[in-house]
Amino acid sequence: MFDNLSDKLNSAFKKLKGRGTLTEKNIEEGLKQVRMALLEADVNYRVAKKVISDIKERALGQEVMDSLTPGQQVIKIVFDEFTRMMGDSHKGLNLEGRKPAAVMLVGLQGSGKTTTAGKLGLYLRKKGKKPFLVPVDVYRPAAIDQLKKIGKQLDLPVFPSTTDMEPLAICEQAVAMGREKGYDTLILDTAGRLHVDEALMAELQGIRKGVHPSEILLVADAMTGQDAVNIAGSFDETVGLDGIVLTKMDGDARGGAALSIKAVTGKPLKFIGMGEKSTDLEPFHPERMASRILGMGDTLSFIEKAQEAVDIKGAEALEKKLRKNQFTLEDFRDQMASVKKMGSIKDLIGMLPGVNTKQLKDMNIDEREFVRIEAIINSMTPDERRNHGIIKSSRKKRIAKGSGVTVQDVNKLLKSYTQTMKMVKKFNKGGMRSLKNMLPF
Amino acid sequence: MGIFNSLKKGLTKTREILLTDINDLFSPERAIDDDLLEELEEILVMSDLGMDITMEIMEKISKKAKKLKTADELKSILKEELKSLFPQTTSTETETASPVPRVIMVVGVNGTGKTTTLGKLAVKLTGQGQKVLIAAADTFRAAAVEQLQIWANRAQVKMVKHREGADPAAVAFDAVEASMARGIDTLLIDTAGRLHTQKNLMEELKKIKRSVGKRLPGAPHEVLMVLDATTGQNALSQAKLFNDAVGITALALTKLDGTAKGGVVASVAKTMDVPLKYIGVGEGMEDLQDFDATLFVNALFD
């Protein structure tokens with residue numbers, strides 16, 4: 001429903017052609033559509049009501065710009081209002097003050113605290129910090145094991161909590177150990193709890209008083225419905241929040257909860273979780289969230305991801321090789337790896353504006369194909385990678401065996417590689433185009 | 001008495017699933033006006049019922065409301081509308097005639113409470129005198145197997161597991177074989193949480209189902225999808241894609257002991273024609289209740 005809010009608004013405003021002024025009467029139908037869309041996106045009923053009346057106030061009397069249709073103009077007003085509401089720009093973590101600083105993660109069961117703890121650890125290490133993971137969940141079966149395993153996977157130190165310890169005692173001992181061992185940032189992974197559970201909420205207050213965390217972050221599921229206001233409101237009231245992490249953003253939820261949570265707590269949305277892989281914690285950008293809620297695609301995210309993955313020097317070297325027709329199978333593999341670094345192909349396409357997420361669902365991109373191609377190239381000798389012409393039938397058999405595919409698969413890869421090379425030659429003759437034309441997708 | 005009390009407790013919780021505030025609205029003195037209708041709309045939306053159902057109910061009610069004088073007369077109409085949301089529960093006879101071993105596969109997105117629900121179900125079935133086996137087919141999430149092992153210990157049942165990262169379909173296959181060999185009544189298969197939009201992980205789920213059916217034709221006999229009551233309208237997308245992949249036969253709604261009403265489950269049950277069988281109402285081993293739609297709607301207003 002939200003996917004085509006733009007279309008709906010445009011049709012609602014069809015009558016208002018060319019230049020005109022937005023009046024109460026002609027804006028009404030459009031705002032009805034916006035309201036429906038907000039509620040479908042799980043924005044809280046009361047929050048939606050407030051947003052609509054604010055938008056109405058802003059829109060009334062505005063002249064429709066020449067360059068925009070009235071529908072576009074309303075979208076722009078809605079977009080600006082959302083962006084303003086969800087905060088102006090990304091706010092990082094405040095870890096100043098005495099060391100070690102502590103970041104405390106709180107939230108409902110299953111919102112993704114433990115996964116986020118690992119991601120945050122990795123994020124902080126990249127920022128030059130020395131994070132220390134602290135399992136404080138002594139209730140859920142194997143919760144401590146889970147964080148210990150994540151720590152092991154990421155090569156991050158984990159405090160040796162046990163289930164017979166008191167949560168506050170764990171935190172206090174972890175602070176002492178952190179100071180002793182030179183870890184500057186503790187990540188406290190508390191147990192999931194319902195906001196109505198008084199005993200467990202009191203436990204969080206106790207930890208807060210005991211170790212004075214620099215940051216208390218609510219980890220909230222992006223799929224949360226109307227109750228987001230109650231959850232976030234209660235945690236903020238009883239424990240006091242410094243910010244929000246919105247998880248499971250790699251799904252197809254519109255994430256209206258983000259707007260609700262921000263409206264009720266006023267606390268900044270700091271990070272979003274984009275999947276179970278530990279590299280997927282990203283800063284929160286209000287304008288991107290606004291366009292996601294509005295179904296406008298996430299152009300900015302896409303551009304930024306692309307920039308991260310393709311390093312400029314590498315690209316220049318590659319361009320040189322292409323010009324000289326020296327683009328080997330090795331380069332082919334590296335190119336694929338850098339595209340893969342940007343995330344799943346589907347994620348990337350989903351970020352482009354104008355892409356209908358419904359169509360995307362039906363689209364079948366086999367990510368395993370890339371793994372297969374990589375395996376085939378890895379099974380070649382360096383000579384073969386640099387000079388594919390020497391790969392004849394017995395080599396093909398060996399490569400196929402080594403990478404667990406059939407000879408046909410090897411042939412297919414070589415064929416698509418030679419085709420790419422032909423294209424490269426054509427481009428070189430006709431002048432170099434942008435690199436992305438070379439990629440197989 | 002014990003049965004009656006637990007039923008009553010269950011009803012209180014079911015009553016809370018939707019519209020706790022609804023009785024406050026329908027006082028005999030209150031006139032039916034736009035304010036009342038707006039309040040009603042607010043309650044429906046805030047219960048996460050979704051816009052389609054809300055609009056549908058509101059339209060019907062507004063039409064009929066014109067002929068009525070006071071708010072309490074509106075009650076029976078609303079009751080009928082809500083009743084029609086839940087598909088008729090299938091007769092329990094099919095369950096008593098169930099095959100042995102009966103295989104239940106538990107699926108859902110991350111963090112909805114699959115493992116906990118499965119653990120509680122194991123406790124419940126064991127309490128009924130059934131011989132239960134658990135399959136740890138979540139080989140992906142760190143410590144998922146350990147978590148399930150603790151539940152298996154609580155329910156005092158055996159568990160089939162492989163090493164972490166193993167093929168979940170192989171675990172499920174082995175577990176079915178073990179169930180057949182050991183004369184198990186019910187096999188509960190825990191699967192890894194996965195977002196419904198992850199095509200390859202949904203393929204993996206299909207493979208688990210296929211391998212179960214390969215060893216025991218007709219299995220799994222139940223695919224139980226676990227939904228989180230705090231989830232909003234995205235639950236519809238979740239249920240649709242899980243259904244497309246593995247065919248859901250029943251729903252469980254968890255975390256109802258909070259303030260979320262979980263109304264979206266009505267949309268899911270209605271659009272997919274799948275019954276809501278269980279509700280999770282707490283952290284305790286016994287906090288998994290049977291859901292009965294007829295009792296529920298009657299209980300709402302009485």
# chains A, B, ... in the order shown; residues from 1 in each chain; ligands from 1

call {"tool": "residues_around", "arguments": {"residues": "Arg154 in chain B", "least_positions_apart": "5", "cutoff": "12 Å", "atoms": "only C-alpha atoms", "output": "PyMOL selection string"}}
result
(chain A and resi 141) or (chain B and resi 116+118-124+126-127+147-149+159+284-286)

call {"tool": "residues_around", "arguments": {"residues": "range 198-200 of chain A", "least_positions_apart": "4", "cutoff": "12 Å", "atoms": "only C-alpha atoms", "output": "list in words"}}
result
Val106, Gly107, Leu108, Asp137, Val138, Tyr139, Pro167, Leu168, Thr190, Ala191, Gly192, Arg193, Leu194, Leu204, Gln205, Gly206, Ile207, Ser234, Phe235, Thr238 and Val239 of chain A; Gly258 of chain B

call {"tool": "write_last_selection", "arguments": {"atoms": "all heavy atoms", "output": "short mmCIF file (atom, residue, chain, number, x, y, z; two decimals), in the first residue's frame"}}
result
data_model
loop_
_atom_site.label_atom_id
_atom_site.label_comp_id
_atom_site.auth_asym_id
_atom_site.auth_seq_id
_atom_site.Cartn_x
_atom_site.Cartn_y
_atom_site.Cartn_z
N VAL A 106 19.29 -2.06 26.26
CA VAL A 106 18.07 -2.54 26.89
C VAL A 106 16.99 -2.75 25.83
O VAL A 106 17.08 -2.22 24.73
CB VAL A 106 17.55 -1.54 27.96
CG1 VAL A 106 18.61 -1.31 29.04
CG2 VAL A 106 17.15 -0.21 27.33
N GLY A 107 15.97 -3.52 26.18
CA GLY A 107 14.87 -3.73 25.22
C GLY A 107 14.07 -4.98 25.51
O GLY A 107 14.39 -5.73 26.43
N LEU A 108 13.05 -5.20 24.70
CA LEU A 108 12.21 -6.38 24.84
C LEU A 108 12.99 -7.63 24.45
O LEU A 108 14.01 -7.55 23.78
CB LEU A 108 10.98 -6.30 23.92
CG LEU A 108 9.96 -5.21 24.12
CD1 LEU A 108 8.74 -5.51 23.24
CD2 LEU A 108 9.52 -5.09 25.56
N ASP A 137 22.67 -10.91 30.78
CA ASP A 137 21.43 -11.68 30.75
C ASP A 137 21.64 -13.03 31.41
O ASP A 137 22.13 -13.96 30.80
CB ASP A 137 20.97 -11.86 29.30
CG ASP A 137 19.64 -12.59 29.21
OD1 ASP A 137 19.12 -13.03 30.26
OD2 ASP A 137 19.11 -12.72 28.08
N VAL A 138 21.27 -13.11 32.69
CA VAL A 138 21.45 -14.37 33.42
C VAL A 138 20.18 -15.22 33.38
O VAL A 138 20.12 -16.28 33.97
CB VAL A 138 21.84 -14.11 34.89
CG1 VAL A 138 23.20 -13.43 34.97
CG2 VAL A 138 20.79 -13.26 35.59
N TYR A 139 19.16 -14.75 32.67
CA TYR A 139 17.86 -15.44 32.69
C TYR A 139 17.64 -16.33 31.47
O TYR A 139 17.36 -17.51 31.58
CB TYR A 139 16.71 -14.44 32.78
CG TYR A 139 16.89 -13.45 33.91
CD1 TYR A 139 17.24 -12.13 33.65
CD2 TYR A 139 16.72 -13.85 35.23
CE1 TYR A 139 17.42 -11.23 34.69
CE2 TYR A 139 16.90 -12.96 36.27
CZ TYR A 139 17.25 -11.64 35.99
OH TYR A 139 17.43 -10.76 37.02
N PRO A 167 23.08 -9.54 38.20
CA PRO A 167 23.38 -8.64 37.07
C PRO A 167 24.21 -7.41 37.48
O PRO A 167 25.18 -7.07 36.78
CB PRO A 167 21.98 -8.23 36.59
CG PRO A 167 21.12 -9.38 36.92
CD PRO A 167 21.66 -9.95 38.20
N LEU A 168 23.87 -6.79 38.60
CA LEU A 168 24.62 -5.60 39.02
C LEU A 168 26.07 -5.97 39.35
O LEU A 168 27.01 -5.26 38.98
CB LEU A 168 23.95 -4.93 40.22
CG LEU A 168 24.67 -3.72 40.79
CD1 LEU A 168 24.85 -2.63 39.74
CD2 LEU A 168 23.92 -3.15 42.00
N THR A 190 22.04 -6.49 28.43
CA THR A 190 21.10 -6.87 29.49
C THR A 190 20.05 -7.84 28.96
O THR A 190 19.88 -7.99 27.76
CB THR A 190 20.39 -5.64 30.08
OG1 THR A 190 19.53 -5.07 29.08
CG2 THR A 190 21.38 -4.59 30.52
N ALA A 191 19.33 -8.46 29.89
CA ALA A 191 18.30 -9.43 29.50
C ALA A 191 17.12 -8.70 28.87
O ALA A 191 16.80 -7.58 29.24
CB ALA A 191 17.82 -10.20 30.72
N GLY A 192 16.47 -9.37 27.91
CA GLY A 192 15.24 -8.82 27.36
C GLY A 192 14.16 -8.85 28.42
O GLY A 192 14.12 -9.75 29.25
N ARG A 193 13.34 -7.81 28.44
CA ARG A 193 12.28 -7.76 29.44
C ARG A 193 11.13 -6.95 28.89
O ARG A 193 11.31 -6.06 28.07
CB ARG A 193 12.80 -7.14 30.73
CG ARG A 193 13.20 -5.67 30.60
CD ARG A 193 14.18 -5.29 31.68
NE ARG A 193 15.49 -5.88 31.40
CZ ARG A 193 16.35 -6.28 32.34
NH1 ARG A 193 16.06 -6.15 33.61
NH2 ARG A 193 17.51 -6.81 32.01
N LEU A 194 9.94 -7.27 29.37
CA LEU A 194 8.79 -6.46 29.00
C LEU A 194 8.81 -5.21 29.86
O LEU A 194 9.16 -5.27 31.05
CB LEU A 194 7.51 -7.25 29.22
CG LEU A 194 7.24 -8.33 28.17
CD1 LEU A 194 6.13 -9.25 28.62
CD2 LEU A 194 6.89 -7.70 26.83
N LEU A 204 17.30 -2.77 36.06
CA LEU A 204 18.00 -1.86 35.16
C LEU A 204 18.34 -0.54 35.85
O LEU A 204 19.42 0.01 35.66
CB LEU A 204 17.15 -1.59 33.91
CG LEU A 204 16.97 -2.73 32.92
CD1 LEU A 204 16.13 -2.28 31.74
CD2 LEU A 204 18.33 -3.23 32.42
N GLN A 205 17.40 -0.06 36.65
CA GLN A 205 17.66 1.17 37.40
C GLN A 205 18.86 0.98 38.33
O GLN A 205 19.70 1.86 38.47
CB GLN A 205 16.43 1.55 38.24
CG GLN A 205 15.28 2.07 37.40
CD GLN A 205 14.02 2.29 38.23
OE1 GLN A 205 13.75 1.56 39.18
NE2 GLN A 205 13.24 3.30 37.86
N GLY A 206 18.92 -0.21 38.95
CA GLY A 206 20.03 -0.52 39.85
C GLY A 206 21.36 -0.48 39.11
O GLY A 206 22.35 0.08 39.60
N ILE A 207 21.40 -1.07 37.91
CA ILE A 207 22.64 -1.08 37.13
C ILE A 207 23.00 0.36 36.75
O ILE A 207 24.17 0.76 36.81
CB ILE A 207 22.49 -1.95 35.87
CG1 ILE A 207 22.23 -3.40 36.26
CG2 ILE A 207 23.74 -1.85 35.00
CD1 ILE A 207 21.94 -4.33 35.10
N SER A 234 7.94 3.65 28.29
CA SER A 234 8.21 3.05 29.59
C SER A 234 9.70 2.95 29.87
O SER A 234 10.15 3.27 30.97
CB SER A 234 7.62 1.64 29.68
OG SER A 234 6.27 1.66 29.42
N PHE A 235 10.45 2.48 28.88
CA PHE A 235 11.90 2.35 29.11
C PHE A 235 12.52 3.72 29.38
O PHE A 235 13.39 3.86 30.23
CB PHE A 235 12.58 1.68 27.91
CG PHE A 235 12.63 0.19 28.00
CD1 PHE A 235 11.70 -0.59 27.32
CD2 PHE A 235 13.58 -0.45 28.77
CE1 PHE A 235 11.73 -1.97 27.41
CE2 PHE A 235 13.62 -1.84 28.87
CZ PHE A 235 12.68 -2.60 28.18
N THR A 238 11.40 4.86 33.04
CA THR A 238 11.95 4.15 34.19
C THR A 238 13.47 4.06 34.17
O THR A 238 14.10 4.14 35.22
CB THR A 238 11.39 2.72 34.31
OG1 THR A 238 11.37 2.13 33.02
CG2 THR A 238 9.99 2.72 34.86
N VAL A 239 14.06 3.88 33.01
CA VAL A 239 15.52 3.72 32.98
C VAL A 239 16.21 4.98 32.47
O VAL A 239 17.31 5.31 32.91
CB VAL A 239 15.92 2.51 32.10
CG1 VAL A 239 17.38 2.17 32.30
CG2 VAL A 239 15.06 1.31 32.41
N GLY B 258 2.81 -8.32 27.66
CA GLY B 258 3.13 -6.88 27.64
C GLY B 258 1.89 -6.06 27.41
O GLY B 258 0.79 -6.47 27.80
#

call {"tool": "closest_atom_pairs", "arguments": {"of": "chain A", "to": "chain B", "cutoff": "9 Å", "atoms": "only C-alpha atoms", "output": "tab-separated table"}}
result
residue	atom	partner	partner_atom	distance
A:Met36	CA	B:Met51	CA	7.3
A:Leu39	CA	B:Met51	CA	7.0
A:Glu40	CA	B:Met51	CA	6.3
A:Ala41	CA	B:Gln233	CA	7.1
A:Asp42	CA	B:Gly232	CA	5.9
A:Asn44	CA	B:Met46	CA	7.1
A:Tyr45	CA	B:Met46	CA	6.3
A:Arg46	CA	B:Glu42	CA	8.2
A:Gln109	CA	B:Gly111	CA	7.0
A:Gly110	CA	B:Gly111	CA	3.6
A:Ser111	CA	B:Gly111	CA	6.2
A:Gly112	CA	B:Gly111	CA	7.0
A:Arg140	CA	B:Gln147	CA	7.8
A:Pro141	CA	B:Gln147	CA	4.8
A:Ala142	CA	B:Gln147	CA	4.6
A:Ala143	CA	B:Ala143	CA	7.4
A:Ile144	CA	B:Ala143	CA	8.6
A:Asp145	CA	B:Ala143	CA	5.7
A:Gln146	CA	B:Ala143	CA	4.6
A:Leu147	CA	B:Ala142	CA	7.7
A:Lys148	CA	B:Ala142	CA	8.7
A:Lys149	CA	B:Ala142	CA	6.0
A:Ile150	CA	B:Ala142	CA	6.7
A:Leu194	CA	B:Gly258	CA	5.8
A:His195	CA	B:Gly258	CA	7.1
A:Val196	CA	B:Gly258	CA	6.2
A:Asp197	CA	B:Gly258	CA	8.3
A:Asp221	CA	B:Thr231	CA	8.2
A:Ala222	CA	B:Thr231	CA	8.7
A:Met223	CA	B:Thr231	CA	5.4
A:Thr224	CA	B:Thr231	CA	4.4
A:Gly225	CA	B:Gly232	CA	3.4
A:Gln226	CA	B:Met46	CA	5.5
A:Asp227	CA	B:Ala260	CA	5.2
A:Ala228	CA	B:Thr230	CA	7.7
A:Asn230	CA	B:Thr259	CA	7.3
A:Ile231	CA	B:Thr259	CA	8.1
A:Lys248	CA	B:Leu195	CA	8.1
A:Asp250	CA	B:Leu195	CA	8.1
A:Gly251	CA	B:Thr197	CA	6.0
A:Asp252	CA	B:Thr197	CA	6.9
A:Ala253	CA	B:Asn234	CA	5.5
A:Arg254	CA	B:Asn234	CA	8.0
A:Ala257	CA	B:Gly232	CA	8.8
A:Gly275	CA	B:Leu195	CA	8.9
A:Glu276	CA	B:Arg141	CA	8.9
A:Lys361	CA	B:Thr197	CA	7.1
A:Asn364	CA	B:Lys199	CA	7.6
A:Ile365	CA	B:Lys199	CA	8.2
A:Asp366	CA	B:Asn200	CA	7.7
A:Glu367	CA	B:Asn200	CA	7.9
A:Arg368	CA	B:Asn200	CA	8.4

call {"tool": "select_by_dssp", "arguments": {"residues": "range 17-242 of chain A", "states": "strand (DSSP E or B)", "output": "ChimeraX atom specification"}}
result
/A:21,63,101-106,131-135,158,185-189,215-221,224
